[in-house]
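Peer 1: Take a look at the following structure, please.
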Amino acid sequence: EISLFYRFDPAHVAEDGVTFLDLQGDRLVARPKDAWPAWYENDPDRPQLRFSPFQAWMNDPNGLCFVDGRYHLFYQFHPVEAEWGPMHWGHAVSDNLYRWTHLPVFLHPEQNLWSLGATGGAFSGSAFVGPEGGVSFYYTERLPAYDLFKDYKEVQKQVVPSADLLHPEANRVVLIDGPPGSAHDFRDPKVWYDAARRVYRMVLGAAIDGDPAVLLYGSADGTDWKYLSVLYRAPEHFRQYGARCVECPDFFELDGRFVLVMGFVGYTEPTTGRHNLLYAQVGTFEDDRFMPLTPELQELDFGTDFYAMQSFRAKERQIAFAWLFNWEFRKPAGSPYSGELSLPRVLGLDAQLRLTMLPEEGYRVLRSRALTQDPPGHFACEPGQPIEVSLAGALDGIRIVGRAGDGESFMIAHVSGRLVISVAEDAGEIEYRSTPLSLGNLTLFFDRGVLEIFANDGAVCGTRRTYKNTALIRLEVTPSDATRIEVCEAWSYNSVWRE
Ligand code: FRU
């Protein structure tokens, strides 16, 4: 076991349930319960159906797993302010993927970053549930003060948790250096076990000679890892438009195929100018080689607030969460927290080998009531309560507008063969357009500024976040001459923050 540096002492972190943390000197301490703010009731922008941290900053979902009948969610967490900073792993647990119990911080930075005045820490990673049920986590530690403070370095670590998954019991470095041609960026491990060959495999995001790439590692025991090959190297196009490396690769088997999901750091999509996009490709994985079955990468979500998706296996489904965020459109200053997760999405493949995503069905039990239409297609909403609208038929040309007291909140329309989303922004409305499609069904959820839409059985998804006009009072569905609506239903939702 190699411990490279001073280990930050987690002993001070509160043991019980939801807790608020403050930084005193360079230690995190639990705030007394009587000094907790009314942290979720008072925030008009806090989603009521989705996970968000009780305070401070979150980004990527990490360590997702289903263990002893409960879902565990870990996440990139900077516990003392609503800005990115020294990274910890927050932790929450749920019976149903919607109502979460917030637990103490699970991982702390290896170095005492606050006293160094640096960022880095326990970066993203995933859970591995072994063939005999044992759990371990693999993650990246970014060490800003490495090599006599010259530069940062990203190393891969393996954590064995306590049986209740509340504390790390062993934490060891398993990979220090990347292969020849790689540089600083070397992160976000995802591990699986190939039962037929009895070998462990890991993918990592990196760059090889400047090309964004996914690296493949192998192991016989899950601890001693060897570099095998470049699993995926991005075409020249990505480098040309600014991509520096791959991050948050996800690689998993689905319906007999393999799916690779990636984010490209620094990339600007040239036709739309968008950043922060996730891409997927479906293929086969044999003899440690990934062979794409589709010529193109699939843009996973056309709304650009859907990033760092991670999936895991539970109850024979592949379930994913993503971080609903875009560095360009930030939460207004002064909020007690930043960062939210998407609805849990169940992944599938359609006939064209596109990755499809649909909300995990547990949301249905959170419905409070069906909304009535008056006139047809017009729904009066309960301001602040999440709403779902479900439509089916021949929907080309349809238009859906959400109105808040202060004006339009969002507009979704099928225009010139594409789905368009626009939401209220301080800088005026910005439109997001899907790839061309003929629209057969559409489900949308709006939850205090978070808009997630699922079209054509989840083959086309769009997610946008706005902080303006978030209390919906009215929703209007307007058909065009070409539209034939067969199903038009809407529900109001209870909050997952209350029983
Ligand atoms: C993605 C990411 C990961 C990294 C983490 C750090 O949002 O940049 O690549 O591990 O965030 O917080």
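Residue names in the structure tokens use chain letters A, B, ... in the order shown, residue numbers from 1 in each chain, and ligand numbers from 1 in the order shown.
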What's around Val259 in chain A at 7 Å? Count only C-alpha atoms, leave out sequence neighbours fewer than 5 positions away in its own chain, and write the answer as a short mmCIF file (atom, residue, chain, number, x, y, z; two decimals) with N, CA and C atoms, in the first residue's frame.

Peer 2:
data_model
loop_
_atom_site.label_atom_id
_atom_site.label_comp_id
_atom_site.auth_asym_id
_atom_site.auth_seq_id
_atom_site.Cartn_x
_atom_site.Cartn_y
_atom_site.Cartn_z
N PHE A 251 -18.45 2.39 -19.59
CA PHE A 251 -18.38 1.30 -20.55
C PHE A 251 -19.10 0.12 -19.94
N PHE A 252 -20.14 -0.37 -20.63
CA PHE A 252 -20.95 -1.42 -20.00
C PHE A 252 -21.64 -2.25 -21.07
N GLU A 253 -22.01 -3.45 -20.66
CA GLU A 253 -22.71 -4.36 -21.56
C GLU A 253 -24.20 -4.07 -21.48
N LEU A 254 -24.85 -4.06 -22.63
CA LEU A 254 -26.29 -3.81 -22.66
C LEU A 254 -26.87 -4.62 -23.82
N ALA A 280 -22.10 8.87 -27.03
CA ALA A 280 -22.11 7.41 -26.85
C ALA A 280 -21.82 6.73 -28.17
N GLN A 281 -21.25 5.54 -28.09
CA GLN A 281 -21.12 4.70 -29.26
C GLN A 281 -21.36 3.25 -28.84
N VAL A 282 -22.05 2.52 -29.70
CA VAL A 282 -22.41 1.14 -29.39
C VAL A 282 -21.56 0.22 -30.26
N GLY A 283 -21.07 -0.86 -29.68
CA GLY A 283 -20.23 -1.78 -30.45
C GLY A 283 -20.14 -3.13 -29.81
#

Peer 1: Determine which residues of range 362-400 of chain A DSSP labels as strand (DSSP E) from the backbone of this structure, then write them out as an MDAnalysis selection string.

Peer 2: chainID A and resid 367:370 378:380 387:394 399:400

Peer 1: Produce a file of the selected residues containing N, CA and C atoms, as an mmCIF file, in the first residue's frame.

Peer 2:
data_model
loop_
_atom_site.group_PDB
_atom_site.id
_atom_site.type_symbol
_atom_site.label_atom_id
_atom_site.label_comp_id
_atom_site.auth_asym_id
_atom_site.auth_seq_id
_atom_site.Cartn_x
_atom_site.Cartn_y
_atom_site.Cartn_z
ATOM 1 N N ARG A 367 -46.516 10.682 -7.920
ATOM 2 C CA ARG A 367 -47.571 11.545 -8.465
ATOM 3 C C ARG A 367 -48.575 11.894 -7.370
ATOM 4 N N SER A 368 -48.952 13.187 -7.306
ATOM 5 C CA SER A 368 -49.979 13.534 -6.319
ATOM 6 C C SER A 368 -51.361 13.506 -6.957
ATOM 7 N N ARG A 369 -51.496 14.036 -8.175
ATOM 8 C CA ARG A 369 -52.819 13.945 -8.818
ATOM 9 C C ARG A 369 -52.709 14.235 -10.320
ATOM 10 N N ALA A 370 -53.691 13.739 -11.056
ATOM 11 C CA ALA A 370 -53.762 14.042 -12.484
ATOM 12 C C ALA A 370 -54.316 15.454 -12.635
ATOM 13 N N HIS A 378 -54.715 22.551 -22.075
ATOM 14 C CA HIS A 378 -54.250 23.582 -21.140
ATOM 15 C C HIS A 378 -54.383 23.065 -19.706
ATOM 16 N N PHE A 379 -53.293 23.087 -18.988
ATOM 17 C CA PHE A 379 -53.282 22.556 -17.618
ATOM 18 C C PHE A 379 -52.938 23.684 -16.648
ATOM 19 N N ALA A 380 -53.714 23.794 -15.578
ATOM 20 C CA ALA A 380 -53.340 24.706 -14.489
ATOM 21 C C ALA A 380 -52.406 23.936 -13.569
ATOM 22 N N ILE A 387 -44.147 18.839 -12.436
ATOM 23 C CA ILE A 387 -45.218 18.421 -13.336
ATOM 24 C C ILE A 387 -44.642 17.496 -14.400
ATOM 25 N N GLU A 388 -45.439 16.506 -14.786
ATOM 26 C CA GLU A 388 -45.090 15.622 -15.897
ATOM 27 C C GLU A 388 -46.189 15.756 -16.943
ATOM 28 N N VAL A 389 -45.804 15.854 -18.201
ATOM 29 C CA VAL A 389 -46.783 15.830 -19.284
ATOM 30 C C VAL A 389 -46.384 14.701 -20.221
ATOM 31 N N SER A 390 -47.360 13.886 -20.574
ATOM 32 C CA SER A 390 -47.084 12.742 -21.425
ATOM 33 C C SER A 390 -47.962 12.829 -22.667
ATOM 34 N N LEU A 391 -47.331 12.776 -23.845
ATOM 35 C CA LEU A 391 -48.051 12.944 -25.104
ATOM 36 C C LEU A 391 -47.705 11.810 -26.052
ATOM 37 N N ALA A 392 -48.691 11.358 -26.818
ATOM 38 C CA ALA A 392 -48.424 10.363 -27.856
ATOM 39 C C ALA A 392 -49.354 10.608 -29.026
ATOM 40 N N GLY A 393 -48.943 10.156 -30.199
ATOM 41 C CA GLY A 393 -49.744 10.333 -31.410
ATOM 42 C C GLY A 393 -48.809 10.705 -32.555
ATOM 43 N N ALA A 394 -49.354 11.405 -33.520
ATOM 44 C CA ALA A 394 -48.523 11.970 -34.592
ATOM 45 C C ALA A 394 -48.255 13.412 -34.171
ATOM 46 N N ARG A 399 -46.446 22.163 -30.125
ATOM 47 C CA ARG A 399 -45.761 23.229 -29.374
ATOM 48 C C ARG A 399 -46.276 23.191 -27.934
ATOM 49 N N ILE A 400 -45.343 23.244 -26.987
ATOM 50 C CA ILE A 400 -45.706 23.176 -25.567
ATOM 51 C C ILE A 400 -45.050 24.353 -24.868
#

Peer 1: Give me the residues near range 78-86 of chain A as a list in words, where near means some atom within 8 Å (using only C-alpha atoms) and where sequence neighbours in that chain fewer than 2 positions away do not count.

Peer 2: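 Skipping anything fewer than 2 positions along the chain leaves Leu21, Asp22, Leu23, Gln55, Ala56, Trp57, Met58, Gln76, His88, Pro109, Leu113, Trp114, Ala118, Thr119, Gly120, Gly121, Ala122, Ser335, Pro336, Tyr337 and Ser338 of chain A.
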
Peer 1: Can you pull out every residue with an atom within 10 Å of ligand 1? Use only C-alpha atoms and all ligand atoms and format it as number ranges by chain.

Peer 2: A: 58-62, 75-78, 84-89, 119-125, 139-142, 154, 185-189, 204-206, 245-249, 263-265, 276, 307-309, 322-323, 325-327

Peer 1: If you count only C-alpha atoms, which residues fall within 10 Å of Glu408 in chain A, apart from same-chain ones fewer than 4 positions away, as a ChimeraX atom specification?

Peer 2: /A:401-404,422-424,429,468-470,472,474-475

Peer 1: Quick one: DSSP helix (DSSP H, G or I) residues in range 72-155 of chain A, as JSON, numbers by chain?

Peer 2: {"A": [113, 114, 115, 116]}

Peer 1: Determine, counting only C-alpha atoms, which protein, DNA and RNA residues have an atom within 10 Å of an atom of Trp497 in chain A; residues of the same chain fewer than 3 positions away are not included. Present the result as a ChimeraX atom specification.

Peer 2: /A:40-41,47-51,98-101,494

Peer 1: With C-alpha atoms retained, could you export that selection as a PDB file, in the first residue's frame?

Peer 2:
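Result saved to result-v3.pdb:
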ATOM      1  CA  TYR A  40     -34.841  22.981   1.347  1.00  0.00           C
ATOM      2  CA  GLU A  41     -38.183  24.573   2.178  1.00  0.00           C
ATOM      3  CA  PRO A  47     -35.889  20.554  -7.477  1.00  0.00           C
ATOM      4  CA  GLN A  48     -38.501  18.524  -5.633  1.00  0.00           C
ATOM      5  CA  LEU A  49     -38.122  15.258  -7.565  1.00  0.00           C
ATOM      6  CA  ARG A  50     -34.363  15.120  -8.000  1.00  0.00           C
ATOM      7  CA  PHE A  51     -31.338  14.660  -5.846  1.00  0.00           C
ATOM      8  CA  TYR A  98     -35.952   9.192  -5.479  1.00  0.00           C
ATOM      9  CA  ARG A  99     -36.091   9.789  -1.717  1.00  0.00           C
ATOM     10  CA  TRP A 100     -32.566   9.988  -0.330  1.00  0.00           C
ATOM     11  CA  THR A 101     -31.116   9.929   3.160  1.00  0.00           C
ATOM     12  CA  ASN A 494     -45.220  15.384  -4.344  1.00  0.00           C
TER      13      ASN A 494
END

Peer 1: Restricting the calculation to only C-alpha atoms, which member of A:Cys381, A:Cys461, A:Leu277, A:Leu165 is positioned closest to Leu103 in chain A?

Peer 2: A:Leu165

Peer 1: Could you tell me how far CA of Leu231 in chain A lies from CA of Phe285 in chain A, in Å and to one decimal?

Peer 2: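 Here the two named atoms are 9.6 Å from each other.
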
Peer 1: What is the CA of Pro386 in chain A-CA of Asp301 in chain A distance in Å, reported with one decimal?

Peer 2: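 Going from CA of Pro386 in chain A over to CA of Asp301 in chain A covers 20.9 Å.
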
Peer 1: Can you work out the spacing between CA of Asp481 in chain A and CA of Leu444 in chain A in Å, to one decimal?

Peer 2: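 Answer for the CA of Asp481 in chain A to CA of Leu444 in chain A separation: 22.0 Å.
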